[in-house]
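Peer 1: File target.tsv follows (TSV, C-alpha atoms):
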chain	number	residue	atom	x	y	z
A	279	MET	CA	-105.39	-75.44	84.53
A	280	LYS	CA	-101.95	-76.57	83.56
A	281	ALA	CA	-99.95	-79.80	83.60
A	282	ALA	CA	-96.25	-80.62	83.32
A	283	PHE	CA	-94.14	-83.78	82.98
A	284	ALA	CA	-90.83	-84.53	84.71
A	285	LEU	CA	-88.41	-87.30	85.58
A	286	LEU	CA	-87.94	-87.81	89.31
A	287	VAL	CA	-84.43	-88.20	90.72
A	288	ASP	CA	-83.24	-91.09	92.89
A	289	THR	CA	-82.55	-90.89	96.64
A	290	THR	CA	-78.85	-90.03	96.24
A	291	VAL	CA	-79.54	-87.05	93.98
A	292	HIS	CA	-82.54	-86.03	96.09
A	293	ASN	CA	-80.48	-85.92	99.28
A	294	PHE	CA	-77.60	-84.03	97.63
A	295	MET	CA	-79.99	-81.38	96.29
A	296	ARG	CA	-81.88	-80.99	99.54
A	297	ARG	CA	-78.70	-80.61	101.60
A	298	LEU	CA	-77.41	-77.96	99.21
A	299	ALA	CA	-80.76	-76.11	99.19
A	300	VAL	CA	-80.84	-76.03	103.00
A	301	ASP	CA	-77.25	-74.79	103.20
A	302	ILE	CA	-77.97	-71.97	100.73
A	303	ASN	CA	-81.13	-71.00	102.59
A	304	GLU	CA	-79.35	-70.89	105.94
A	305	ARG	CA	-76.83	-68.43	104.55
A	306	TYR	CA	-79.02	-66.36	102.21
A	307	ARG	CA	-82.66	-66.98	103.23
A	308	THR	CA	-83.85	-67.89	99.75
A	309	GLY	CA	-86.73	-69.97	101.09
A	310	PHE	CA	-88.01	-73.27	99.75
A	311	LYS	CA	-90.34	-72.35	96.91
A	312	ALA	CA	-88.52	-74.81	94.66
A	313	ALA	CA	-89.07	-77.55	97.25
A	314	VAL	CA	-92.85	-77.55	96.81
A	315	LEU	CA	-92.24	-80.24	94.19
A	316	PRO	CA	-89.82	-83.14	94.68
A	317	PRO	CA	-86.43	-82.77	92.97
A	318	HIS	CA	-86.93	-83.49	89.29
A	319	ILE	CA	-85.77	-82.92	85.73
A	320	SER	CA	-88.46	-81.25	83.68
A	321	LEU	CA	-89.35	-82.79	80.33
A	322	LYS	CA	-92.31	-80.57	79.50
A	323	GLN	CA	-92.89	-77.16	81.05
A	324	PRO	CA	-96.41	-76.32	82.29
A	325	PHE	CA	-98.90	-76.25	79.42
A	326	GLN	CA	-102.57	-75.36	79.21
A	327	ILE	CA	-105.12	-78.17	79.61
A	328	SER	CA	-108.92	-78.19	79.49
A	329	GLY	CA	-109.26	-81.31	81.64
A	330	LEU	CA	-107.21	-84.02	83.28
A	331	ALA	CA	-108.60	-87.27	81.87
A	332	ALA	CA	-107.19	-87.14	78.33
A	333	VAL	CA	-103.81	-85.76	79.43
A	334	GLU	CA	-103.56	-88.41	82.14
A	335	ALA	CA	-104.28	-91.13	79.57
A	336	TYR	CA	-101.43	-89.82	77.41
A	337	PHE	CA	-99.15	-89.66	80.45
A	338	ASP	CA	-99.90	-93.33	81.22
A	339	GLN	CA	-99.00	-94.36	77.67
A	340	LEU	CA	-95.84	-92.26	77.71
A	341	ALA	CA	-94.56	-93.80	80.94
A	342	GLN	CA	-95.01	-97.34	79.61
A	343	SER	CA	-93.26	-96.51	76.35
A	344	VAL	CA	-90.02	-95.16	77.87
A	345	GLU	CA	-87.49	-97.52	79.42
A	346	PRO	CA	-85.30	-96.38	82.36
A	347	PHE	CA	-82.14	-94.57	81.26
A	348	GLU	CA	-79.11	-92.85	82.78
A	349	ILE	CA	-78.93	-89.13	83.53
A	350	THR	CA	-75.93	-87.12	84.74
A	351	LEU	CA	-76.14	-83.87	86.72
A	352	THR	CA	-72.93	-81.88	86.35
A	353	HIS	CA	-72.61	-78.47	88.02
A	354	LEU	CA	-74.41	-75.46	89.48
A	355	GLU	CA	-75.71	-72.70	87.19
A	356	LEU	CA	-77.45	-69.36	87.72
A	357	GLN	CA	-80.25	-68.22	85.42
A	358	VAL	CA	-81.97	-64.83	85.48
A	359	VAL	CA	-85.52	-65.06	84.18
A	360	SER	CA	-87.54	-62.04	83.04
A	361	LEU	CA	-91.12	-62.01	84.35
A	362	ASP	CA	-93.96	-59.52	84.07
A	363	ASP	CA	-93.11	-58.12	87.50
A	364	GLY	CA	-89.32	-58.05	87.07
A	365	GLU	CA	-86.39	-60.45	87.12
A	366	GLN	CA	-86.08	-63.63	89.14
A	367	GLY	CA	-83.02	-65.66	90.04
A	368	VAL	CA	-82.96	-69.42	89.55
A	369	LEU	CA	-80.24	-71.76	90.77
A	370	TRP	CA	-80.16	-75.20	89.20
A	371	LEU	CA	-77.98	-78.22	88.63
A	372	ALA	CA	-77.25	-78.56	84.94
A	373	VAL	CA	-78.04	-81.90	83.31
A	374	ARG	CA	-75.74	-83.29	80.66
A	375	GLU	CA	-77.39	-83.14	77.24
A	376	ASP	CA	-77.75	-86.45	75.45
A	377	HIS	CA	-79.77	-88.03	72.66
A	378	ALA	CA	-82.21	-89.79	75.00
A	379	LEU	CA	-83.27	-86.61	76.80
A	380	ARG	CA	-83.44	-84.44	73.70
A	381	SER	CA	-85.42	-87.03	71.76
A	382	LEU	CA	-87.88	-87.49	74.61
A	383	HIS	CA	-88.43	-83.75	74.98
A	384	ARG	CA	-89.01	-83.41	71.23
A	385	ARG	CA	-91.32	-86.41	71.15
A	386	ILE	CA	-93.49	-85.15	74.02
A	387	ASN	CA	-93.91	-81.74	72.41
A	388	LEU	CA	-94.85	-83.25	69.05
A	389	GLU	CA	-97.29	-85.79	70.48
A	390	LEU	CA	-99.02	-83.28	72.74
A	391	ALA	CA	-99.41	-80.84	69.83
A	392	GLU	CA	-101.02	-83.62	67.77
A	393	ARG	CA	-103.51	-84.52	70.52
A	394	PHE	CA	-104.36	-81.23	72.24
A	395	GLU	CA	-104.60	-77.51	71.58
A	396	ASN	CA	-102.31	-74.77	72.90
A	397	THR	CA	-99.66	-77.04	74.38
A	398	GLN	CA	-96.80	-74.61	73.79
A	399	ALA	CA	-94.86	-73.55	76.87
A	400	PRO	CA	-92.02	-71.08	77.53
A	401	PHE	CA	-88.51	-72.40	76.96
A	402	ASP	CA	-89.65	-75.54	75.08
A	403	GLY	CA	-87.90	-76.50	71.89
A	404	PRO	CA	-84.35	-76.99	70.57
A	405	ALA	CA	-82.85	-74.45	73.00
A	406	TYR	CA	-84.37	-76.05	76.10
A	407	ARG	CA	-81.81	-76.58	78.89
A	408	PHE	CA	-82.29	-79.72	81.00
A	409	HIS	CA	-81.86	-79.03	84.70
A	410	ALA	CA	-82.91	-79.75	88.28
A	411	THR	CA	-83.93	-76.58	90.16
A	412	LEU	CA	-82.45	-75.92	93.61
A	413	ALA	CA	-83.77	-72.46	94.50
A	414	VAL	CA	-85.98	-69.85	92.89
A	415	GLY	CA	-87.03	-66.38	94.07
A	416	GLY	CA	-87.15	-65.38	97.71
A	417	GLN	CA	-84.35	-62.84	97.25
A	418	PRO	CA	-83.41	-60.18	94.67
A	419	VAL	CA	-81.31	-61.19	91.67
A	420	ASP	CA	-78.25	-59.45	93.17
A	421	VAL	CA	-78.39	-61.87	96.11
A	422	TYR	CA	-78.55	-64.78	93.69
A	423	ARG	CA	-75.43	-63.46	91.99
A	424	ARG	CA	-73.66	-63.44	95.37
A	425	ILE	CA	-74.85	-66.99	96.02
A	426	TYR	CA	-73.50	-68.12	92.67
A	427	ALA	CA	-70.16	-66.41	93.31
A	428	GLU	CA	-69.82	-68.54	96.44
A	429	TYR	CA	-71.39	-71.82	95.32
A	430	GLY	CA	-70.60	-71.73	91.60
A	431	PRO	CA	-67.60	-74.07	91.95
A	432	VAL	CA	-69.93	-76.82	93.25
A	433	GLN	CA	-69.58	-79.89	91.05
A	434	ALA	CA	-72.27	-82.55	91.30
A	435	ASN	CA	-71.09	-85.20	88.82
A	436	LEU	CA	-73.97	-87.46	89.86
A	437	THR	CA	-75.23	-90.16	87.52
A	438	TYR	CA	-78.42	-92.04	88.25
A	439	THR	CA	-80.96	-94.16	86.41
A	440	ALA	CA	-84.27	-92.38	85.85
A	441	ARG	CA	-87.05	-94.81	86.71
A	442	GLU	CA	-90.09	-92.64	87.53
A	443	LEU	CA	-92.14	-90.15	85.55
A	444	ALA	CA	-94.26	-87.53	87.32
A	445	MET	CA	-97.24	-85.52	86.15
A	446	TYR	CA	-97.69	-82.16	87.88
A	447	TYR	CA	-100.96	-80.25	88.11
A	448	MET	CA	-101.48	-76.50	88.53
A	449	GLU	CA	-104.97	-75.07	89.06
A	450	ASP	CA	-103.81	-71.49	88.54
A	451	ASP	CA	-102.59	-70.40	85.09
A	452	SER	CA	-100.20	-67.70	86.33
A	453	HIS	CA	-96.41	-68.11	86.30
A	454	ALA	CA	-96.49	-68.04	90.12
A	455	ALA	CA	-98.90	-70.95	90.38
A	456	GLU	CA	-97.96	-73.67	92.83
A	457	GLY	CA	-98.33	-77.19	91.55
A	458	PHE	CA	-98.34	-80.59	93.14
A	459	VAL	CA	-97.54	-84.12	92.06
A	460	TYR	CA	-100.76	-85.43	90.58
A	461	LYS	CA	-99.42	-88.81	89.54
A	462	MET	CA	-96.23	-90.88	89.42
A	463	LEU	CA	-95.57	-93.96	87.31
A	464	PRO	CA	-92.56	-96.24	86.79
A	465	LEU	CA	-90.90	-96.07	83.38
A	466	GLY	CA	-91.27	-99.04	81.07
A	467	LYS	CA	-93.69	-101.92	80.74
A	468	GLY	CA	-91.77	-104.26	83.01
A	469	GLU	CA	-92.82	-102.48	86.20
A	470	GLY	CA	-96.54	-102.91	85.69
A	471	THR	CA	-99.22	-100.28	85.25
A	472	ASP	CA	-101.13	-98.03	87.61
A	473	LYS	CA	-103.86	-99.92	89.41
A	474	SER	CA	-105.36	-96.92	91.20
A	475	GLN	CA	-108.00	-96.07	88.60
A	476	VAL	CA	-111.42	-96.61	90.18
A	477	SER	CA	-114.55	-95.90	88.18
A	478	GLY	CA	-117.09	-93.82	90.08
A	479	LEU	CA	-114.87	-93.42	93.14
A	480	ARG	CA	-116.66	-91.66	95.97
A	481	LEU	CA	-114.85	-90.19	98.96
A	482	THR	CA	-116.73	-90.21	102.25
A	483	ALA	CA	-115.52	-88.16	105.21
A	484	LEU	CA	-114.91	-90.18	108.35
A	485	THR	CA	-116.37	-88.78	111.55
Can you dump the structure from the file as structure tokens?

Peer 2:
Amino acid sequence: MKAAFALLVDTTVHNFMRRLAVDINERYRTGFKAAVLPPHISLKQPFQISGLAAVEAYFDQLAQSVEPFEITLTHLELQVVSLDDGEQGVLWLAVREDHALRSLHRRINLELAERFENTQAPFDGPAYRFHATLAVGGQPVDVYRRIYAEYGPVQANLTYTARELAMYYMEDDSHAAEGFVYKMLPLGKGEGTDKSQVSGLRLTALT
């Protein structure tokens, strides 16, 4: 099992990203693998977990301890990632680096390492690039280079206030594992806490 943490975008950024992803797919058939999860800015890449309860408790505390803050998405970038079975193209919107984001990324990595084992993940650390993924895979890297040649001039210049933190869950440990949004919480103490925790919850099928 793995988990990951991310900031969700607002409706304006969401709609901009989805329109662009659809336009790219219509022209280059890249598919919508990146759309399995809602548009987001990753804070902690998928890391190994032995169970959900303790990680979820940390996630709850983290969300309450971080107040909403501004984030700016700037322009389109192409990344080529080396995987066990070859290279993969990734198109993303770059996020402007600032103290708030870098400090939060560093804090999450430190606190997870103090509480759990084997929380390291690829790309974490000082060189981590904040981004919001538009498209991944679906076509060879050469096609992604053609896409970037056409769409590279796209400038987003979108600033929004991050107000929601998401926890993603992946049952499969492989790099190709598909995750889903396990939980979302508002940032800060002023929005209240999650009231969905029910001890001994039992689900009964309706017939």

Peer 1: Quick check, in Å to one decimal: how far apart do atom CA of Leu369 of chain A and atom CA of Ala399 of chain A lie?

Peer 2: 20.3 Å

Peer 1: Just to confirm, what's the straight-line distance from atom CA of Glu355 of chain A to atom CA of Ile302 of chain A in Å (one decimal)?

Peer 2: 13.7 Å

Peer 1: Here is a test: counting all atoms listed in the file, which residue of A:Thr411, A:Gln339, A:Gln326, A:Thr308 is nearest to Glu389 of chain A?

Peer 2: A:Gln339

Peer 1: Take atom CA of Tyr447 of chain A and atom CA of His409 of chain A and report the distance between them in Å, one decimal.

Peer 2: 19.4 Å

Peer 1: Calculated over all atoms listed in the file, which of the candidates A:Leu354, A:Phe347, A:Leu321, A:Glu428 has the smallest distance to Arg380 of chain A?

Peer 2: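 Smallest distance to Arg380 of chain A is found for A:Leu321.
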
Peer 1: So, counting only C-alpha atoms, which residue among A:Leu412, A:Leu351, A:Ala331, A:Ile386 is closest to Tyr426 of chain A?

Peer 2: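 Checking each of A:Leu412, A:Leu351, A:Ala331, A:Ile386 against Tyr426 of chain A, counting only C-alpha atoms, the winner is A:Leu412.
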
Peer 1: With distances taken over only C-alpha atoms, which residue among A:Ala434, A:Ala378, A:Ala405, A:Ala284 lies nearest Phe337 of chain A?

Peer 2: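 The answer is A:Ala284, which sits nearest to Phe337 of chain A.
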